[in-house]
$ cat data_15.txt   # compact mmCIF, N, CA and C atoms
# COMPACT_ATOMS: atom_id res chain seq x y z
N GLY A 1 86.98 100.54 94.60
CA GLY A 1 87.32 99.67 95.71
C GLY A 1 86.56 100.08 96.95
N LEU A 2 86.59 99.19 97.92
CA LEU A 2 85.91 99.42 99.19
C LEU A 2 86.88 99.32 100.35
N VAL A 3 86.67 100.16 101.36
CA VAL A 3 87.41 100.08 102.60
C VAL A 3 86.43 99.57 103.66
N HIS A 4 86.68 98.35 104.16
CA HIS A 4 85.83 97.80 105.22
C HIS A 4 86.06 98.62 106.49
N LYS A 5 85.03 98.74 107.32
CA LYS A 5 85.16 99.57 108.53
C LYS A 5 86.29 99.10 109.44
N SER A 6 86.63 97.81 109.41
CA SER A 6 87.73 97.31 110.24
C SER A 6 89.09 97.80 109.73
N GLU A 7 89.12 98.33 108.51
CA GLU A 7 90.37 98.82 107.91
C GLU A 7 90.45 100.34 107.89
N LEU A 8 89.55 101.02 108.61
CA LEU A 8 89.55 102.49 108.65
C LEU A 8 90.58 103.05 109.62
N SER A 9 90.70 102.43 110.80
CA SER A 9 91.52 103.02 111.85
C SER A 9 92.03 101.95 112.80
N TRP A 10 93.19 102.22 113.41
CA TRP A 10 93.71 101.33 114.45
C TRP A 10 92.92 101.50 115.74
N ASN A 11 92.28 102.63 115.93
CA ASN A 11 91.51 102.89 117.15
C ASN A 11 90.08 102.43 116.97
N SER A 12 89.44 102.13 118.10
CA SER A 12 88.03 101.72 118.02
C SER A 12 87.17 102.97 117.80
N PHE A 13 86.03 102.76 117.18
CA PHE A 13 85.09 103.86 116.94
C PHE A 13 83.70 103.29 116.83
N VAL A 14 82.71 104.13 117.07
CA VAL A 14 81.33 103.70 117.04
C VAL A 14 80.73 103.90 115.66
N SER A 15 81.02 105.04 115.07
CA SER A 15 80.43 105.39 113.79
C SER A 15 81.52 105.73 112.77
N VAL A 16 81.32 105.33 111.54
CA VAL A 16 82.30 105.58 110.48
C VAL A 16 82.58 107.08 110.32
N ASP A 17 81.56 107.92 110.53
CA ASP A 17 81.78 109.36 110.35
C ASP A 17 82.67 109.97 111.44
N GLU A 18 83.03 109.20 112.45
CA GLU A 18 84.02 109.65 113.43
C GLU A 18 85.43 109.59 112.84
N VAL A 19 85.59 108.79 111.79
CA VAL A 19 86.91 108.53 111.22
C VAL A 19 87.10 109.21 109.87
N ILE A 20 86.03 109.28 109.10
CA ILE A 20 86.14 109.75 107.72
C ILE A 20 84.87 110.50 107.32
N SER A 21 85.01 111.43 106.38
CA SER A 21 83.84 112.18 105.93
C SER A 21 83.77 112.17 104.40
N LYS A 22 82.58 112.39 103.89
CA LYS A 22 82.35 112.42 102.45
C LYS A 22 83.22 113.49 101.80
N GLY A 23 83.88 113.13 100.71
CA GLY A 23 84.72 114.06 99.98
C GLY A 23 86.15 114.14 100.50
N GLN A 24 86.43 113.50 101.62
CA GLN A 24 87.78 113.53 102.19
C GLN A 24 88.74 112.72 101.29
N VAL A 25 89.89 113.28 101.01
CA VAL A 25 90.91 112.60 100.23
C VAL A 25 91.77 111.80 101.20
N VAL A 26 91.93 110.51 100.92
CA VAL A 26 92.69 109.63 101.81
C VAL A 26 93.68 108.79 101.02
N MET A 27 94.72 108.32 101.71
CA MET A 27 95.67 107.39 101.12
C MET A 27 95.22 105.98 101.53
N VAL A 28 95.23 105.05 100.59
CA VAL A 28 94.82 103.68 100.89
C VAL A 28 95.88 102.70 100.38
N LYS A 29 95.81 101.49 100.91
CA LYS A 29 96.66 100.39 100.46
C LYS A 29 95.74 99.30 99.92
N VAL A 30 96.08 98.74 98.78
CA VAL A 30 95.31 97.63 98.22
C VAL A 30 95.69 96.38 99.01
N ILE A 31 94.70 95.76 99.67
CA ILE A 31 94.97 94.57 100.47
C ILE A 31 94.31 93.32 99.89
N ASP A 32 93.45 93.50 98.90
CA ASP A 32 92.80 92.35 98.28
C ASP A 32 92.43 92.72 96.85
N LEU A 33 92.54 91.75 95.98
CA LEU A 33 92.20 91.94 94.57
C LEU A 33 91.38 90.75 94.12
N ASP A 34 90.12 90.98 93.79
CA ASP A 34 89.23 89.93 93.30
C ASP A 34 88.96 90.22 91.83
N VAL A 35 89.75 89.61 90.96
CA VAL A 35 89.65 89.85 89.52
C VAL A 35 88.30 89.39 88.99
N ALA A 36 87.82 88.26 89.47
CA ALA A 36 86.55 87.71 88.99
C ALA A 36 85.38 88.67 89.23
N LYS A 37 85.39 89.32 90.38
CA LYS A 37 84.30 90.24 90.72
C LYS A 37 84.65 91.70 90.46
N CYS A 38 85.85 91.95 89.93
CA CYS A 38 86.33 93.32 89.68
C CYS A 38 86.25 94.18 90.94
N ARG A 39 86.78 93.64 92.05
CA ARG A 39 86.72 94.36 93.33
C ARG A 39 88.12 94.51 93.92
N LEU A 40 88.32 95.65 94.56
CA LEU A 40 89.54 95.91 95.30
C LEU A 40 89.18 96.03 96.77
N GLY A 41 89.96 95.38 97.64
CA GLY A 41 89.85 95.58 99.08
C GLY A 41 90.91 96.59 99.47
N LEU A 42 90.50 97.66 100.14
CA LEU A 42 91.42 98.74 100.48
C LEU A 42 91.51 98.93 101.99
N SER A 43 92.62 99.50 102.44
CA SER A 43 92.82 99.77 103.85
C SER A 43 93.44 101.16 104.03
N ILE A 44 92.86 101.92 104.94
CA ILE A 44 93.44 103.20 105.33
C ILE A 44 94.43 102.96 106.47
N LYS A 45 94.05 102.11 107.43
CA LYS A 45 94.90 101.94 108.61
C LYS A 45 96.25 101.30 108.26
N GLN A 46 96.29 100.48 107.22
CA GLN A 46 97.55 99.83 106.88
C GLN A 46 98.53 100.77 106.16
N THR A 47 98.11 102.00 105.91
CA THR A 47 99.05 102.99 105.39
C THR A 47 99.77 103.70 106.53
N GLN A 48 99.39 103.38 107.75
CA GLN A 48 99.98 103.99 108.95
C GLN A 48 100.64 102.90 109.78
N PRO A 49 101.69 103.25 110.53
CA PRO A 49 102.33 102.25 111.37
C PRO A 49 101.37 101.72 112.43
N ASP A 50 101.48 100.43 112.72
CA ASP A 50 100.67 99.82 113.76
C ASP A 50 101.10 100.40 115.11
N PRO A 51 100.21 101.10 115.82
CA PRO A 51 100.61 101.73 117.07
C PRO A 51 101.11 100.74 118.12
N ILE A 52 100.64 99.51 118.06
CA ILE A 52 101.08 98.54 119.06
C ILE A 52 102.58 98.28 118.92
N LYS A 53 103.07 98.25 117.70
CA LYS A 53 104.49 98.01 117.50
C LYS A 53 105.31 99.21 117.95
N GLN A 54 104.70 100.37 117.99
CA GLN A 54 105.40 101.57 118.41
C GLN A 54 105.34 101.78 119.92
N THR A 55 104.39 101.15 120.61
CA THR A 55 104.17 101.47 122.01
C THR A 55 104.44 100.33 122.99
N LEU A 56 104.84 99.16 122.53
CA LEU A 56 105.05 98.04 123.45
C LEU A 56 106.03 98.41 124.57
N ASP A 57 107.06 99.16 124.23
CA ASP A 57 108.06 99.52 125.23
C ASP A 57 107.61 100.62 126.17
N THR A 58 106.57 101.36 125.82
CA THR A 58 106.15 102.49 126.65
C THR A 58 104.94 102.17 127.53
N LEU A 59 104.38 100.98 127.41
CA LEU A 59 103.20 100.61 128.20
C LEU A 59 103.58 100.26 129.63
N GLU A 60 102.63 100.41 130.54
CA GLU A 60 102.81 99.97 131.92
C GLU A 60 102.37 98.52 132.01
N TRP A 61 103.34 97.64 132.16
CA TRP A 61 103.07 96.21 132.25
C TRP A 61 102.95 95.81 133.71
N GLY A 62 102.06 94.89 133.99
CA GLY A 62 101.89 94.39 135.35
C GLY A 62 101.50 92.92 135.32
N ASN A 63 101.12 92.41 136.47
CA ASN A 63 100.69 91.01 136.55
C ASN A 63 99.38 90.83 135.79
N ALA A 64 99.23 89.67 135.18
CA ALA A 64 98.00 89.37 134.44
C ALA A 64 96.83 89.31 135.41
N ARG A 65 95.73 89.96 135.06
CA ARG A 65 94.54 89.95 135.89
C ARG A 65 93.59 88.87 135.39
N THR A 66 93.00 89.10 134.26
CA THR A 66 92.06 88.16 133.67
C THR A 66 92.53 87.85 132.26
N ILE A 67 92.56 86.58 131.91
CA ILE A 67 92.97 86.17 130.57
C ILE A 67 91.71 85.98 129.73
N PRO A 68 91.54 86.78 128.68
CA PRO A 68 90.37 86.59 127.81
C PRO A 68 90.38 85.18 127.22
N PRO A 69 89.21 84.58 127.04
CA PRO A 69 89.13 83.21 126.50
C PRO A 69 89.85 83.06 125.15
N GLU A 70 89.81 84.10 124.32
CA GLU A 70 90.48 84.02 123.01
C GLU A 70 92.00 83.90 123.18
N ILE A 71 92.55 84.59 124.18
CA ILE A 71 93.99 84.51 124.42
C ILE A 71 94.33 83.17 125.06
N GLN A 72 93.45 82.66 125.93
CA GLN A 72 93.65 81.31 126.48
C GLN A 72 93.67 80.28 125.36
N ALA A 73 92.81 80.46 124.37
CA ALA A 73 92.78 79.54 123.21
C ALA A 73 94.10 79.61 122.44
N VAL A 74 94.69 80.82 122.34
CA VAL A 74 96.00 80.95 121.69
C VAL A 74 97.04 80.17 122.48
N MET A 75 97.02 80.29 123.79
CA MET A 75 97.96 79.53 124.62
C MET A 75 97.82 78.04 124.37
N ASP A 76 96.58 77.56 124.34
CA ASP A 76 96.34 76.14 124.10
C ASP A 76 96.86 75.71 122.73
N LYS A 77 96.65 76.58 121.74
CA LYS A 77 97.11 76.29 120.37
C LYS A 77 98.64 76.25 120.32
N LEU A 78 99.29 77.21 120.99
CA LEU A 78 100.75 77.25 121.00
C LEU A 78 101.33 76.02 121.70
N LYS A 79 100.66 75.54 122.74
CA LYS A 79 101.14 74.35 123.46
C LYS A 79 101.11 73.10 122.58
N GLN A 80 100.29 73.11 121.54
CA GLN A 80 100.18 71.97 120.64
C GLN A 80 101.26 71.95 119.55
N ILE A 81 102.02 73.02 119.43
CA ILE A 81 103.05 73.11 118.39
C ILE A 81 104.17 72.13 118.72
N ASP A 82 104.54 71.33 117.73
CA ASP A 82 105.64 70.39 117.89
C ASP A 82 106.91 71.17 118.19
N GLY A 83 107.58 70.84 119.28
CA GLY A 83 108.80 71.53 119.66
C GLY A 83 108.59 72.54 120.78
N VAL A 84 107.33 72.84 121.13
CA VAL A 84 107.04 73.74 122.24
C VAL A 84 106.85 72.91 123.50
N GLU A 85 107.66 73.22 124.51
CA GLU A 85 107.59 72.46 125.76
C GLU A 85 106.55 73.02 126.73
N ASP A 86 106.39 74.34 126.74
CA ASP A 86 105.41 74.95 127.64
C ASP A 86 105.10 76.37 127.18
N VAL A 87 103.94 76.88 127.57
CA VAL A 87 103.55 78.27 127.33
C VAL A 87 103.01 78.80 128.65
N MET A 88 103.63 79.86 129.14
CA MET A 88 103.25 80.42 130.43
C MET A 88 102.78 81.87 130.28
N ILE A 89 101.92 82.27 131.18
CA ILE A 89 101.40 83.64 131.18
C ILE A 89 102.49 84.57 131.69
N GLY A 90 102.72 85.63 130.96
CA GLY A 90 103.68 86.65 131.37
C GLY A 90 102.94 87.88 131.87
N LYS A 91 103.53 89.01 131.65
CA LYS A 91 102.94 90.27 132.12
C LYS A 91 101.80 90.70 131.19
N GLN A 92 101.00 91.65 131.67
CA GLN A 92 99.82 92.11 130.92
C GLN A 92 99.77 93.63 130.96
N ALA A 93 99.25 94.21 129.90
CA ALA A 93 99.05 95.66 129.84
C ALA A 93 97.71 95.95 129.19
N ASN A 94 97.20 97.12 129.49
CA ASN A 94 95.97 97.61 128.85
C ASN A 94 96.26 98.98 128.28
N GLU A 95 95.83 99.20 127.06
CA GLU A 95 96.07 100.47 126.37
C GLU A 95 94.72 101.06 125.99
N GLU A 96 94.44 102.24 126.50
CA GLU A 96 93.15 102.88 126.23
C GLU A 96 92.99 103.28 124.77
N HIS A 97 94.06 103.70 124.12
CA HIS A 97 93.95 104.27 122.78
C HIS A 97 94.06 103.26 121.66
N ILE A 98 94.38 102.04 122.00
CA ILE A 98 94.53 101.02 120.96
C ILE A 98 93.51 99.93 121.21
N ALA A 99 92.66 99.70 120.24
CA ALA A 99 91.67 98.65 120.37
C ALA A 99 91.62 97.87 119.07
N SER A 100 92.08 96.65 119.14
CA SER A 100 92.02 95.80 117.95
C SER A 100 90.76 94.95 118.04
N GLN A 101 90.02 94.91 116.97
CA GLN A 101 88.80 94.13 116.97
C GLN A 101 89.08 92.67 116.67
N GLU A 102 90.31 92.35 116.32
CA GLU A 102 90.68 90.97 116.06
C GLU A 102 91.92 90.60 116.85
N LEU A 103 92.10 89.33 117.06
CA LEU A 103 93.24 88.83 117.81
C LEU A 103 94.48 88.85 116.93
N VAL A 104 95.57 89.42 117.44
CA VAL A 104 96.83 89.49 116.72
C VAL A 104 97.93 89.02 117.67
N VAL A 105 98.88 88.23 117.15
CA VAL A 105 99.99 87.74 117.96
C VAL A 105 101.30 88.16 117.32
N TYR A 106 102.19 88.75 118.14
CA TYR A 106 103.51 89.20 117.68
C TYR A 106 104.59 88.49 118.47
N MET A 107 105.68 88.11 117.81
CA MET A 107 106.87 87.68 118.54
C MET A 107 107.63 88.93 118.93
N THR A 108 108.11 88.97 120.17
CA THR A 108 108.90 90.11 120.60
C THR A 108 110.34 89.96 120.10
N LYS A 109 111.10 91.03 120.17
CA LYS A 109 112.47 91.01 119.66
C LYS A 109 113.44 90.25 120.56
N GLU A 110 113.17 90.27 121.87
CA GLU A 110 114.12 89.66 122.78
C GLU A 110 113.92 88.16 122.91
N ASP A 111 115.04 87.45 123.01
CA ASP A 111 115.00 86.01 123.28
C ASP A 111 115.06 85.84 124.79
N THR A 112 114.48 84.76 125.28
CA THR A 112 114.60 84.44 126.69
C THR A 112 115.60 83.29 126.82
N GLU A 113 115.95 82.97 128.03
CA GLU A 113 116.93 81.91 128.29
C GLU A 113 116.46 80.57 127.72
N ASP A 114 115.15 80.34 127.77
CA ASP A 114 114.63 79.03 127.36
C ASP A 114 113.62 79.11 126.22
N GLY A 115 113.63 80.20 125.45
CA GLY A 115 112.69 80.29 124.34
C GLY A 115 112.44 81.71 123.89
N PHE A 116 111.15 82.05 123.75
CA PHE A 116 110.77 83.34 123.20
C PHE A 116 109.52 83.86 123.90
N ASN A 117 109.27 85.14 123.75
CA ASN A 117 108.04 85.76 124.22
C ASN A 117 107.22 86.20 123.02
N VAL A 118 105.92 86.07 123.15
CA VAL A 118 105.01 86.63 122.17
C VAL A 118 104.03 87.53 122.91
N VAL A 119 103.43 88.46 122.19
CA VAL A 119 102.39 89.32 122.76
C VAL A 119 101.13 89.09 121.95
N ALA A 120 100.06 88.75 122.66
CA ALA A 120 98.74 88.60 122.05
C ALA A 120 97.96 89.87 122.35
N ARG A 121 97.38 90.46 121.32
CA ARG A 121 96.59 91.69 121.47
C ARG A 121 95.15 91.41 121.08
N LEU A 122 94.24 91.76 121.96
CA LEU A 122 92.81 91.62 121.69
C LEU A 122 92.10 92.76 122.39
N GLY A 123 91.41 93.58 121.62
CA GLY A 123 90.79 94.76 122.22
C GLY A 123 91.89 95.64 122.78
N ASN A 124 91.75 96.04 124.02
CA ASN A 124 92.75 96.87 124.67
C ASN A 124 93.73 96.05 125.51
N THR A 125 93.58 94.73 125.51
CA THR A 125 94.42 93.87 126.33
C THR A 125 95.62 93.38 125.54
N LEU A 126 96.78 93.54 126.14
CA LEU A 126 98.02 92.99 125.59
C LEU A 126 98.54 91.98 126.60
N GLN A 127 98.72 90.74 126.16
CA GLN A 127 99.15 89.68 127.06
C GLN A 127 100.45 89.08 126.56
N GLU A 128 101.48 89.13 127.40
CA GLU A 128 102.74 88.48 127.06
C GLU A 128 102.62 86.99 127.39
N LEU A 129 103.11 86.16 126.49
CA LEU A 129 103.15 84.72 126.70
C LEU A 129 104.59 84.26 126.55
N ASN A 130 105.07 83.50 127.52
CA ASN A 130 106.43 82.98 127.50
C ASN A 130 106.41 81.57 126.93
N ILE A 131 107.08 81.37 125.81
CA ILE A 131 107.12 80.07 125.15
C ILE A 131 108.46 79.40 125.44
N VAL A 132 108.40 78.22 126.04
CA VAL A 132 109.59 77.43 126.32
C VAL A 132 109.79 76.46 125.16
N THR A 133 110.94 76.61 124.47
CA THR A 133 111.20 75.79 123.29
C THR A 133 112.69 75.80 122.98
N ARG A 134 113.11 74.79 122.22
CA ARG A 134 114.48 74.76 121.71
C ARG A 134 114.51 75.11 120.22
N LEU A 135 113.36 75.45 119.66
CA LEU A 135 113.27 75.82 118.25
C LEU A 135 114.02 77.13 118.01
N SER A 136 114.50 77.33 116.79
CA SER A 136 115.14 78.59 116.44
C SER A 136 114.07 79.67 116.30
N ARG A 137 114.48 80.93 116.27
CA ARG A 137 113.55 82.05 116.10
C ARG A 137 112.74 81.89 114.81
N ASP A 138 113.42 81.57 113.71
CA ASP A 138 112.72 81.42 112.43
C ASP A 138 111.74 80.26 112.46
N GLU A 139 112.13 79.14 113.06
CA GLU A 139 111.21 78.00 113.17
C GLU A 139 110.00 78.38 114.01
N MET A 140 110.24 79.06 115.12
CA MET A 140 109.14 79.44 116.01
C MET A 140 108.22 80.44 115.33
N ARG A 141 108.79 81.42 114.65
CA ARG A 141 107.98 82.42 113.95
C ARG A 141 107.06 81.74 112.93
N GLY A 142 107.61 80.82 112.16
CA GLY A 142 106.81 80.11 111.17
C GLY A 142 105.71 79.27 111.79
N ARG A 143 106.01 78.62 112.89
CA ARG A 143 105.00 77.77 113.53
C ARG A 143 103.92 78.58 114.24
N VAL A 144 104.29 79.72 114.81
CA VAL A 144 103.28 80.60 115.40
C VAL A 144 102.37 81.14 114.31
N SER A 145 102.95 81.55 113.20
CA SER A 145 102.17 82.07 112.08
C SER A 145 101.19 81.00 111.57
N SER A 146 101.68 79.78 111.39
CA SER A 146 100.82 78.69 110.91
C SER A 146 99.71 78.38 111.91
N ALA A 147 100.05 78.37 113.18
CA ALA A 147 99.05 78.09 114.22
C ALA A 147 97.96 79.15 114.24
N MET A 148 98.33 80.42 114.05
CA MET A 148 97.35 81.49 114.08
C MET A 148 96.45 81.45 112.85
N GLN A 149 96.99 81.04 111.71
CA GLN A 149 96.19 80.96 110.49
C GLN A 149 95.21 79.79 110.56
N ALA A 150 95.56 78.76 111.33
CA ALA A 150 94.72 77.57 111.42
C ALA A 150 93.57 77.73 112.42
N ARG A 151 93.51 78.89 113.09
CA ARG A 151 92.46 79.07 114.10
C ARG A 151 91.10 78.95 113.50

$ encode --input "data_15.txt" --output "structure tokens"
Amino acid sequence: GLVHKSELSWNSFVSVDEVISKGQVVMVKVIDLDVAKCRLGLSIKQTQPDPIKQTLDTLEWGNARTIPPEIQAVMDKLKQIDGVEDVMIGKQANEEHIASQELVVYMTKEDTEDGFNVVARLGNTLQELNIVTRLSRDEMRGRVSSAMQAR
């Protein structure tokens, strides 16, 4: 099997040898199985807890400074979901030690008076988005998931 460089570590790195060395024994998770090509997709980072889920409560959140275009696109996509009345920019944080090379969106645990909050993570930027809706948590989770897959 192969471990793609994006599946080596939750942290950003310049060179693969910063993360792993020849002969090193590692634990991996099978994330893809291509029977036709006899290939396994493996991940080292998915054997470890996602640091963002562990650190959301410990970050210093403040007013949003600049919204990356990819996160603005997420807002636009969320606004198109049937049952979503509005999506507003919430607080923002930057984490030096966590750098995601891809956009990830999480629903937070707390409900708001008029809907839910989600956190979009891209690079070192974490952006809270306030979603105004009357949908249930399960309905919203499913629609956010579908919207993100359709990107």

$ residues_around --input "data_15.txt" --residues "stretch 16-32 of chain A" --least-positions-apart "6" --cutoff "8 Å" --atoms "only N, CA and C atoms" --output "number ranges by chain"
A: 5, 8-9, 39-48

$ closest_residue --input "data_15.txt" --among "A:Leu135, A:Leu103, A:Met88, A:Ile67" --to "A:Asn117" --atoms "only C-alpha atoms"
A:Met88

$ atom_distance --input "data_15.txt" --atom1 "atom CA of A:Glu110" --atom2 "atom C of A:Asp86"
16.7 Å

$ residues_near_point --input "data_15.txt" --point "(101.4, 85.6, 131.1)" --cutoff "9 Å" --atoms "only C-alpha atoms" --output "ChimeraX atom specification"
/A:63-64,67,87-92,127-130

$ atom_distance --input "data_15.txt" --atom1 "atom CA of A:Asp82" --atom2 "atom CA of A:Arg141"
12.9 Å

$ atom_distance --input "data_15.txt" --atom1 "atom CA of A:Val118" --atom2 "atom CA of A:Tyr106"
5.4 Å

$ select_by_dssp --input "data_15.txt" --residues "stretch 66-127 of chain A" --states "alpha helix (DSSP H)" --output "PDB file with N, CA and C atoms, in the frame of the given file"
ATOM      1  N   PRO A  69      89.210  84.580 127.040  1.00  0.00           N
ATOM      2  CA  PRO A  69      89.130  83.210 126.500  1.00  0.00           C
ATOM      3  C   PRO A  69      89.850  83.060 125.150  1.00  0.00           C
ATOM      4  N   GLU A  70      89.810  84.100 124.320  1.00  0.00           N
ATOM      5  CA  GLU A  70      90.480  84.020 123.010  1.00  0.00           C
ATOM      6  C   GLU A  70      92.000  83.900 123.180  1.00  0.00           C
ATOM      7  N   ILE A  71      92.550  84.590 124.180  1.00  0.00           N
ATOM      8  CA  ILE A  71      93.990  84.510 124.420  1.00  0.00           C
ATOM      9  C   ILE A  71      94.330  83.170 125.060  1.00  0.00           C
ATOM     10  N   GLN A  72      93.450  82.660 125.930  1.00  0.00           N
ATOM     11  CA  GLN A  72      93.650  81.310 126.480  1.00  0.00           C
ATOM     12  C   GLN A  72      93.670  80.280 125.360  1.00  0.00           C
ATOM     13  N   ALA A  73      92.810  80.460 124.370  1.00  0.00           N
ATOM     14  CA  ALA A  73      92.780  79.540 123.210  1.00  0.00           C
ATOM     15  C   ALA A  73      94.100  79.610 122.440  1.00  0.00           C
ATOM     16  N   VAL A  74      94.690  80.820 122.340  1.00  0.00           N
ATOM     17  CA  VAL A  74      96.000  80.950 121.690  1.00  0.00           C
ATOM     18  C   VAL A  74      97.040  80.170 122.480  1.00  0.00           C
ATOM     19  N   MET A  75      97.020  80.290 123.790  1.00  0.00           N
ATOM     20  CA  MET A  75      97.960  79.530 124.620  1.00  0.00           C
ATOM     21  C   MET A  75      97.820  78.040 124.370  1.00  0.00           C
ATOM     22  N   ASP A  76      96.580  77.560 124.340  1.00  0.00           N
ATOM     23  CA  ASP A  76      96.340  76.140 124.100  1.00  0.00           C
ATOM     24  C   ASP A  76      96.860  75.710 122.730  1.00  0.00           C
ATOM     25  N   LYS A  77      96.650  76.580 121.740  1.00  0.00           N
ATOM     26  CA  LYS A  77      97.110  76.290 120.370  1.00  0.00           C
ATOM     27  C   LYS A  77      98.640  76.250 120.320  1.00  0.00           C
ATOM     28  N   LEU A  78      99.290  77.210 120.990  1.00  0.00           N
ATOM     29  CA  LEU A  78     100.750  77.250 121.000  1.00  0.00           C
ATOM     30  C   LEU A  78     101.330  76.020 121.700  1.00  0.00           C
ATOM     31  N   LYS A  79     100.660  75.540 122.740  1.00  0.00           N
ATOM     32  CA  LYS A  79     101.140  74.350 123.460  1.00  0.00           C
ATOM     33  C   LYS A  79     101.110  73.100 122.580  1.00  0.00           C
TER      34      LYS A  79
END

$ closest_residue --input "data_15.txt" --among "A:Asn124, A:Asn11, A:Gln149, A:Ser6" --to "A:Glu95" --atoms "all atoms listed in the file"
A:Asn124
